[in-house]
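**Student:** So I've got this file, my_file-v6.pdb, and it contains PDB, C-alpha atoms:
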ATOM      1  CA  MET A 305     125.519  35.815  98.771
ATOM      2  CA  SER A 306     124.676  38.373  96.081
ATOM      3  CA  LEU A 307     122.265  41.281  96.633
ATOM      4  CA  PRO A 308     119.412  41.939  94.196
ATOM      5  CA  ASP A 309     120.103  44.624  91.624
ATOM      6  CA  THR A 310     118.622  48.097  92.393
ATOM      7  CA  PRO A 311     116.505  49.452  89.511
ATOM      8  CA  SER A 312     117.932  52.557  87.838
ATOM      9  CA  ALA A 313     116.048  55.861  87.325
ATOM     10  CA  GLY A 314     115.576  55.019  83.650
ATOM     11  CA  ALA A 315     114.147  51.656  84.538
ATOM     12  CA  ALA A 316     111.750  53.290  87.021
ATOM     13  CA  MET A 317     110.531  55.655  84.320
ATOM     14  CA  ALA A 318     109.959  52.788  81.971
ATOM     15  CA  SER A 319     108.226  50.632  84.560
ATOM     16  CA  GLY A 320     104.717  51.768  83.677
ATOM     17  CA  PRO A 321     102.295  54.536  82.696
ATOM     18  CA  LYS A 322     101.765  55.690  86.319
ATOM     19  CA  THR A 323     105.461  56.500  86.740
ATOM     20  CA  ARG A 324     105.592  58.360  83.421
ATOM     21  CA  LEU A 325     102.473  60.374  84.386
ATOM     22  CA  ALA A 326     104.025  61.402  87.736
ATOM     23  CA  PHE A 327     107.213  62.510  85.974
ATOM     24  CA  SER A 328     105.205  64.553  83.452
ATOM     25  CA  ARG A 329     103.267  66.344  86.229
ATOM     26  CA  ARG A 330     106.495  67.158  88.069
ATOM     27  CA  ALA A 331     108.025  68.599  84.898
ATOM     28  CA  ARG A 332     104.985  70.837  84.290
ATOM     29  CA  LEU A 333     105.076  72.034  87.941
ATOM     30  CA  LEU A 334     108.766  72.951  87.693
ATOM     31  CA  ALA A 335     108.095  74.856  84.472
ATOM     32  CA  ARG A 336     105.294  76.853  86.113
ATOM     33  CA  LEU A 337     107.466  77.706  89.111
ATOM     34  CA  ALA A 338     110.192  78.982  86.783
ATOM     35  CA  VAL A 339     107.702  81.280  85.010
ATOM     36  CA  VAL A 340     106.400  82.613  88.328
ATOM     37  CA  GLY A 341     109.952  83.330  89.451
ATOM     38  CA  LEU A 342     110.719  85.273  86.288
ATOM     39  CA  LEU A 343     107.524  87.349  86.575
ATOM     40  CA  SER A 344     108.188  88.104  90.249
ATOM     41  CA  GLY A 345     111.643  89.397  89.437
ATOM     42  CA  ALA A 346     110.310  91.618  86.670
ATOM     43  CA  LEU A 347     107.480  93.084  88.763
ATOM     44  CA  ALA A 348     109.763  93.734  91.729
ATOM     45  CA  GLY A 349     111.419  96.531  89.796
ATOM     46  CA  CYS A 350     108.014  98.197  89.235
ATOM     47  CA  PHE A 351     107.023  98.371  92.932
ATOM     48  CA  GLN A 352     107.622 101.691  94.712
ATOM     49  CA  PRO A 353     106.687 102.119  98.401
ATOM     50  CA  LEU A 354     104.609 105.270  98.938
ATOM     51  CA  TYR A 355     106.830 106.661 101.718
ATOM     52  CA  ALA A 356     110.204 105.377 100.524
ATOM     53  CA  ASP A 357     113.149 107.778 100.774
ATOM     54  CA  ASN A 358     113.903 107.257  97.084
ATOM     55  CA  ALA A 359     110.297 107.915  96.018
ATOM     56  CA  THR A 360     109.948 109.212  92.482
ATOM     57  CA  VAL A 361     108.286 112.422  93.739
ATOM     58  CA  GLY A 362     111.821 113.841  93.921
ATOM     59  CA  GLY A 363     113.816 115.572  96.651
ATOM     60  CA  PRO A 364     114.505 113.826  99.934
ATOM     61  CA  GLY A 365     111.403 111.679  99.653
ATOM     62  CA  LEU A 366     107.721 112.030 100.430
ATOM     63  CA  GLN A 367     108.066 111.507 104.182
ATOM     64  CA  GLN A 368     110.603 114.330 104.426
ATOM     65  CA  LYS A 369     108.296 116.648 102.482
ATOM     66  CA  LEU A 370     105.486 115.904 104.923
ATOM     67  CA  ALA A 371     107.843 116.532 107.835
ATOM     68  CA  ASP A 372     108.677 119.982 106.407
ATOM     69  CA  ILE A 373     105.200 121.308 107.263
ATOM     70  CA  GLU A 374     104.603 123.361 110.416
ATOM     71  CA  VAL A 375     101.127 122.771 111.838
ATOM     72  CA  MET A 376      99.808 126.056 113.167
ATOM     73  CA  GLN A 377      97.730 126.497 116.308
ATOM     74  CA  ILE A 378      94.115 125.232 116.215
ATOM     75  CA  GLN A 379      91.729 126.693 118.774
ATOM     76  CA  GLY A 380      89.820 124.629 121.351
ATOM     77  CA  ARG A 381      90.296 121.263 123.031
ATOM     78  CA  LEU A 382      89.294 119.363 119.905
ATOM     79  CA  GLY A 383      91.534 121.561 117.782
ATOM     80  CA  ASN A 384      94.480 120.863 120.058
ATOM     81  CA  ASP A 385      93.852 117.107 119.906
ATOM     82  CA  LEU A 386      93.625 117.234 116.111
ATOM     83  CA  ARG A 387      96.767 119.345 115.826
ATOM     84  CA  ASN A 388      98.774 116.941 117.985
ATOM     85  CA  GLU A 389      97.615 113.993 115.866
ATOM     86  CA  ILE A 390      98.534 115.729 112.600
ATOM     87  CA  ILE A 391     101.955 116.695 113.970
ATOM     88  CA  TYR A 392     102.610 113.093 114.972
ATOM     89  CA  LEU A 393     101.546 111.705 111.570
ATOM     90  CA  LEU A 394     103.479 114.219 109.485
ATOM     91  CA  GLY A 395     106.652 114.194 111.548
ATOM     92  CA  GLY A 396     106.693 110.520 112.453
ATOM     93  CA  GLY A 397     106.938 111.401 116.152
ATOM     94  CA  ALA A 398     109.707 113.984 115.684
ATOM     95  CA  GLY A 399     107.493 116.900 116.768
ATOM     96  CA  ASN A 400     106.266 120.031 115.012
ATOM     97  CA  ALA A 401     108.526 121.457 112.297
ATOM     98  CA  LYS A 402     109.091 124.988 113.647
ATOM     99  CA  GLY A 403     110.241 127.414 110.974
ATOM    100  CA  ALA A 404     109.444 124.977 108.155
ATOM    101  CA  PRO A 405     109.001 126.304 104.598
ATOM    102  CA  LEU A 406     105.318 125.314 104.577
ATOM    103  CA  GLN A 407     102.575 126.029 107.122
ATOM    104  CA  LEU A 408      99.309 124.166 107.637
ATOM    105  CA  PHE A 409      96.216 126.008 108.891
ATOM    106  CA  VAL A 410      93.192 123.982 109.999
ATOM    107  CA  ALA A 411      89.676 125.046 111.021
ATOM    108  CA  VAL A 412      87.687 122.315 112.795
ATOM    109  CA  ASP A 413      84.036 121.950 113.761
ATOM    110  CA  THR A 414      81.965 119.223 115.417
ATOM    111  CA  THR A 415      78.279 118.335 115.328
ATOM    112  CA  ALA A 416      76.117 115.676 116.975
ATOM    113  CA  SER A 417      73.039 113.981 115.533
ATOM    114  CA  THR A 418      70.640 111.434 117.002
ATOM    115  CA  ALA A 419      70.899 107.960 115.519
ATOM    116  CA  LEU A 420      68.469 105.975 117.729
ATOM    117  CA  VAL A 421      65.518 107.152 119.820
ATOM    118  CA  ASN A 422      63.834 105.196 122.622
ATOM    119  CA  SER A 423      60.254 104.556 121.512
ATOM    120  CA  SER A 424      58.969 104.699 125.102
ATOM    121  CA  SER A 425      60.742 107.747 126.527
ATOM    122  CA  GLY A 426      61.417 109.592 123.284
ATOM    123  CA  LEU A 427      65.004 110.211 124.428
ATOM    124  CA  PRO A 428      68.062 109.481 122.268
ATOM    125  CA  GLU A 429      69.880 106.195 122.884
ATOM    126  CA  ASN A 430      72.680 106.665 120.421
ATOM    127  CA  MET A 431      74.360 109.657 118.762
ATOM    128  CA  ILE A 432      76.732 110.186 115.850
ATOM    129  CA  ILE A 433      79.568 112.646 116.443
ATOM    130  CA  ARG A 434      80.876 114.291 113.269
ATOM    131  CA  VAL A 435      84.183 116.164 113.095
ATOM    132  CA  ALA A 436      84.856 118.226 109.963
ATOM    133  CA  ALA A 437      88.054 120.121 109.150
ATOM    134  CA  ASN A 438      88.976 122.543 106.389
ATOM    135  CA  TRP A 439      92.711 122.878 105.828
ATOM    136  CA  ARG A 440      94.963 125.043 103.705
ATOM    137  CA  MET A 441      98.715 124.939 103.241
ATOM    138  CA  VAL A 442     100.710 128.114 102.559
ATOM    139  CA  ARG A 443     104.323 129.071 101.984
ATOM    140  CA  ALA A 444     105.883 130.447 105.149
ATOM    141  CA  ASP A 445     107.581 133.242 103.193
ATOM    142  CA  ASP A 446     104.307 134.437 101.628
ATOM    143  CA  ASP A 447     103.041 137.464 103.566
ATOM    144  CA  LYS A 448      99.604 137.181 101.942
ATOM    145  CA  LYS A 449      99.312 133.517 102.977
ATOM    146  CA  LYS A 450      97.812 132.420  99.678
ATOM    147  CA  PRO A 451      97.119 128.674  99.765
ATOM    148  CA  VAL A 452      99.209 126.323  97.677
ATOM    149  CA  ALA A 453      96.816 123.463  98.488
ATOM    150  CA  GLY A 454      93.670 122.875 100.512
ATOM    151  CA  GLY A 455      90.980 120.340 101.289
ATOM    152  CA  THR A 456      88.297 119.006 103.597
ATOM    153  CA  ALA A 457      88.345 115.968 105.869
ATOM    154  CA  VAL A 458      85.503 114.391 107.848
ATOM    155  CA  GLY A 459      85.481 111.763 110.594
ATOM    156  CA  THR A 460      82.618 110.212 112.570
ATOM    157  CA  ALA A 461      82.199 108.186 115.752
ATOM    158  CA  SER A 462      79.146 106.934 117.654
ATOM    159  CA  ILE A 463      78.311 107.019 121.368
ATOM    160  CA  ASP A 464      75.656 105.440 123.590
ATOM    161  CA  VAL A 465      73.596 108.019 125.470
ATOM    162  CA  SER A 466      72.842 107.396 129.156
ATOM    163  CA  ASP A 467      70.952 109.295 131.840
ATOM    164  CA  GLN A 468      74.271 110.363 133.391
ATOM    165  CA  ARG A 469      75.239 113.850 132.260
ATOM    166  CA  PHE A 470      78.951 113.488 133.051
ATOM    167  CA  ALA A 471      79.109 110.091 131.321
ATOM    168  CA  ASN A 472      77.573 111.618 128.188
ATOM    169  CA  TYR A 473      80.040 114.502 128.271
ATOM    170  CA  SER A 474      83.004 112.147 128.646
ATOM    171  CA  ALA A 475      81.709 109.838 125.899
ATOM    172  CA  LYS A 476      81.248 112.802 123.528
ATOM    173  CA  ASN A 477      84.826 113.994 124.121
ATOM    174  CA  ASP A 478      86.150 110.491 123.517
ATOM    175  CA  ALA A 479      84.148 110.186 120.293
ATOM    176  CA  GLU A 480      85.471 113.545 119.077
ATOM    177  CA  THR A 481      89.022 112.393 119.743
ATOM    178  CA  ARG A 482      88.456 109.170 117.785
ATOM    179  CA  ALA A 483      86.869 111.044 114.903
ATOM    180  CA  SER A 484      89.721 113.578 114.879
ATOM    181  CA  ARG A 485      92.222 110.745 114.341
ATOM    182  CA  GLU A 486      90.305 109.764 111.226
ATOM    183  CA  VAL A 487      90.390 113.404 110.094
ATOM    184  CA  ALA A 488      94.156 113.577 110.663
ATOM    185  CA  ASP A 489      94.691 110.412 108.591
ATOM    186  CA  GLN A 490      92.692 111.922 105.736
ATOM    187  CA  ILE A 491      94.631 115.197 105.846
ATOM    188  CA  LYS A 492      97.941 113.346 105.702
ATOM    189  CA  ALA A 493      96.703 111.275 102.735
ATOM    190  CA  GLN A 494      95.558 114.427 100.927
ATOM    191  CA  LEU A 495      98.892 116.128 101.521
ATOM    192  CA  ALA A 496     100.752 113.040 100.296
ATOM    193  CA  ALA A 497      98.630 112.996  97.126
ATOM    194  CA  TYR A 498      99.424 116.692  96.573
ATOM    195  CA  PHE A 499     103.198 116.157  96.801
ATOM    196  CA  ILE A 500     103.020 113.126  94.505
ATOM    197  CA  ARG A 501     101.226 115.193  91.864
ATOM    198  CA  LEU A 502     103.648 118.081  92.408
ATOM    199  CA  GLY A 503     106.737 115.959  91.794
ATOM    200  CA  ASP A 504     109.936 118.039  91.758
ATOM    201  CA  ALA A 505     108.139 121.376  91.366
ATOM    202  CA  VAL A 506     108.144 124.003  94.122
ATOM    203  CA  PRO A 507     104.760 124.585  95.823
ATOM    204  CA  GLN A 508     103.151 127.711  94.401
ATOM    205  CA  ALA A 509     100.041 129.616  95.437
ATOM    206  CA  GLU A 510      96.904 128.598  93.602
ATOM    207  CA  PRO A 511      95.733 131.134  90.998
ATOM    208  CA  ALA A 512      92.846 133.335  92.070
ATOM    209  CA  LYS A 513      89.479 132.252  90.695
ATOM    210  CA  ALA A 514      87.558 134.603  88.447
ATOM    211  CA  PRO A 515      84.337 136.061  89.938
ATOM    212  CA  GLY A 516      81.387 133.754  89.439
ATOM    213  CA  SER A 517      83.548 130.702  88.656
TER     214      SER A 517
END
Show this structure as structure tokens.
**Tutor:**
Amino acid sequence: MSLPDTPSAGAAMASGPKTRLAFSRRARLLARLAVVGLLSGALAGCFQPLYADNATVGGPGLQQKLADIEVMQIQGRLGNDLRNEIIYLLGGGAGNAKGAPLQLFVAVDTTASTALVNSSSGLPENMIIRVAANWRMVRADDDKKKPVAGGTAVGTASIDVSDQRFANYSAKNDAETRASREVADQIKAQLAAYFIRLGDAVPQAEPAKAPGS
């Protein structure tokens, strides 16, 4: 008993317009995938992670430059919280860089403003806590401590106000801590931007501004 002949690939292609249309679509899809693959390979060489060790900013990499900054003492509970957060972000958990070539000085302040007021009692129901910090970075070997870079960072957080004094105090401290984390993130980003612009150059004190400028 003989088995029926199996149609060949060429015969399947010639069997009708539907088969030819499916083959044409598959060919176009394969061509598109090949183009995408070529573009992906080309663009891969253009991508540079911001904190990579071989970053084009020169030296040992951006993360190492950030780690070479000693964060100086900041007064107050909020200042201490902010300082600890900055140290962690710059050093990646390695601690403060004692004796580093660069020093970071930060002045921090906090304010509270009413966001919502109870129409019946006239008392605040919600408050916005604002933490603002001015920072300047100096060379450790500069006796005059002239800044090589500086900036301002601001963070905010909201709290619900209750009739419990201790609860309000605790909520305010917690909001300040949350806002200070936002401030620390901004300071790190500003420092990173400074080193990227600086490239391989050595940080130098900013020139003094002329009176009235």
**Student:** For each of A:Asn422, A:Asn388, A:Gln494, A:Gln407, take the minimum atom-to-atom distance to Pro507 in chain A, counting all atoms listed in the file, then give the residue where this is smallest.
**Tutor:**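 For Pro507 in chain A, the nearest of the given residues is A:Gln407.
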**Student:** Produce a table with one row for each residue of range 400-476 of chain A that has an atom at most 10 Å from any atom of range 384-387 of chain A, each row naming the nearest atom pair and its distance in Å at one decimal; use only C-alpha atoms; arrange rows by chain and rising residue number; format as a tab-separated table.
**Tutor:**
residue	atom	partner	partner_atom	distance
A:Asn400	CA	A:Arg387	CA	9.6
A:Leu408	CA	A:Arg387	CA	9.8
A:Phe409	CA	A:Arg387	CA	9.6
A:Val410	CA	A:Arg387	CA	8.3
A:Val412	CA	A:Leu386	CA	8.5
A:Val435	CA	A:Leu386	CA	10.0
A:Ala437	CA	A:Leu386	CA	9.4
**Student:** Next, the residues of the selection above should be written as a short mmCIF file (atom, residue, chain, number, x, y, z; two decimals), keeping the file's coordinate frame with C-alpha atoms.
**Tutor:**
data_model
loop_
_atom_site.label_atom_id
_atom_site.label_comp_id
_atom_site.auth_asym_id
_atom_site.auth_seq_id
_atom_site.Cartn_x
_atom_site.Cartn_y
_atom_site.Cartn_z
CA ASN A 400 106.27 120.03 115.01
CA LEU A 408 99.31 124.17 107.64
CA PHE A 409 96.22 126.01 108.89
CA VAL A 410 93.19 123.98 110.00
CA VAL A 412 87.69 122.32 112.80
CA VAL A 435 84.18 116.16 113.10
CA ALA A 437 88.05 120.12 109.15
#
**Student:** Would you kindly return, as a PyMOL selection string, each protein, DNA or RNA residue with an atom no farther than 10 Å from any atom of Leu393 in chain A, considering all atoms listed in the file and excluding same-chain residues fewer than 5 positions away?
**Tutor:** chain A and resi 367+370-371+387-388+398-399+485+488-489+491-492
**Student:** Which of these, A:Ser484, A:Gln508, A:Gln368, A:Asn472, has the shortest distance to Ala404 in chain A once you count all atoms listed in the file?
**Tutor:**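 Comparing A:Ser484, A:Gln508, A:Gln368, A:Asn472 against Ala404 in chain A, the winner is A:Gln368.
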**Student:** Extract, using all atoms listed in the file, all DNA, RNA and protein residues at most 7 Å from Val487 in chain A, discarding same-chain residues fewer than 4 positions from it, and format them as a ChimeraX atom specification.
**Tutor:** /A:457-459,483,491
**Student:** Could you check the closest approach to Asn477 in chain A for each of A:Thr456, A:Ser417, A:Ser462, A:Gln379 and tell me which residue wins, using all atoms listed in the file?
**Tutor:**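 The answer is A:Ser462, which sits nearest to Asn477 in chain A.
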**Student:** My list of candidates is A:Glu429, A:Asp464, A:Asp478, A:Asp504. Which is closest to Leu382 in chain A when distances are computed with only C-alpha atoms?
**Tutor:** A:Asp478
**Student:** Rounded to one decimal place, report the CA of Ala411 in chain A-CA of Ala453 in chain A distance in Å.
**Tutor:**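 Computing the Euclidean distance for CA of Ala411 in chain A and CA of Ala453 in chain A yields 14.5 Å.
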**Student:** Every residue with an atom at most 8 Å from (107.8, 126.7, 109.5) (file coordinates; only C-alpha atoms) is what I'm after, so could you write them as an MDAnalysis selection string?
**Tutor:** chainID A and resid 372:374 401:407 444
**Student:** If you keep C-alpha atoms, can you produce a file of those selected residues as a short mmCIF file (atom, residue, chain, number, x, y, z; two decimals), in the coordinates of the input?
**Tutor:**
data_model
loop_
_atom_site.label_atom_id
_atom_site.label_comp_id
_atom_site.auth_asym_id
_atom_site.auth_seq_id
_atom_site.Cartn_x
_atom_site.Cartn_y
_atom_site.Cartn_z
CA ASP A 372 108.68 119.98 106.41
CA ILE A 373 105.20 121.31 107.26
CA GLU A 374 104.60 123.36 110.42
CA ALA A 401 108.53 121.46 112.30
CA LYS A 402 109.09 124.99 113.65
CA GLY A 403 110.24 127.41 110.97
CA ALA A 404 109.44 124.98 108.16
CA PRO A 405 109.00 126.30 104.60
CA LEU A 406 105.32 125.31 104.58
CA GLN A 407 102.58 126.03 107.12
CA ALA A 444 105.88 130.45 105.15
#
**Student:** Grab the CA of Thr460 in chain A to CA of Leu495 in chain A distance for me, in Å with one decimal place.
**Tutor:**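 CA of Leu495 in chain A lies at a distance of 20.5 Å from CA of Thr460 in chain A.
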**Student:** A:Lys369, A:Ser424, A:Gln468, A:Ser474: which is nearest Tyr498 in chain A, counting all atoms listed in the file?
**Tutor:** A:Lys369
**Student:** Out of A:Thr481, A:Val442, A:Ile463, A:Ile500, which residue has the shortest atom-to-atom distance to Leu420 in chain A when counting all atoms listed in the file?
**Tutor:** A:Ile463
**Student:** May I ask for the distance between CA of Lys450 in chain A and CA of Leu366 in chain A, given in Å to one decimal place?
**Tutor:** 22.7 Å
**Student:** Need to verify the contact set: Lys476 in chain A, 10 Å, only C-alpha atoms, exclusion of same-chain residues closer than 6 positions in sequence. Can you return it as a list in words?
**Tutor:**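 That gives Ala416, Met431, Ile432, Ile433, Ala461, Ser462, Ile463, Asp464, Val465, Phe470 and Arg482 of chain A.
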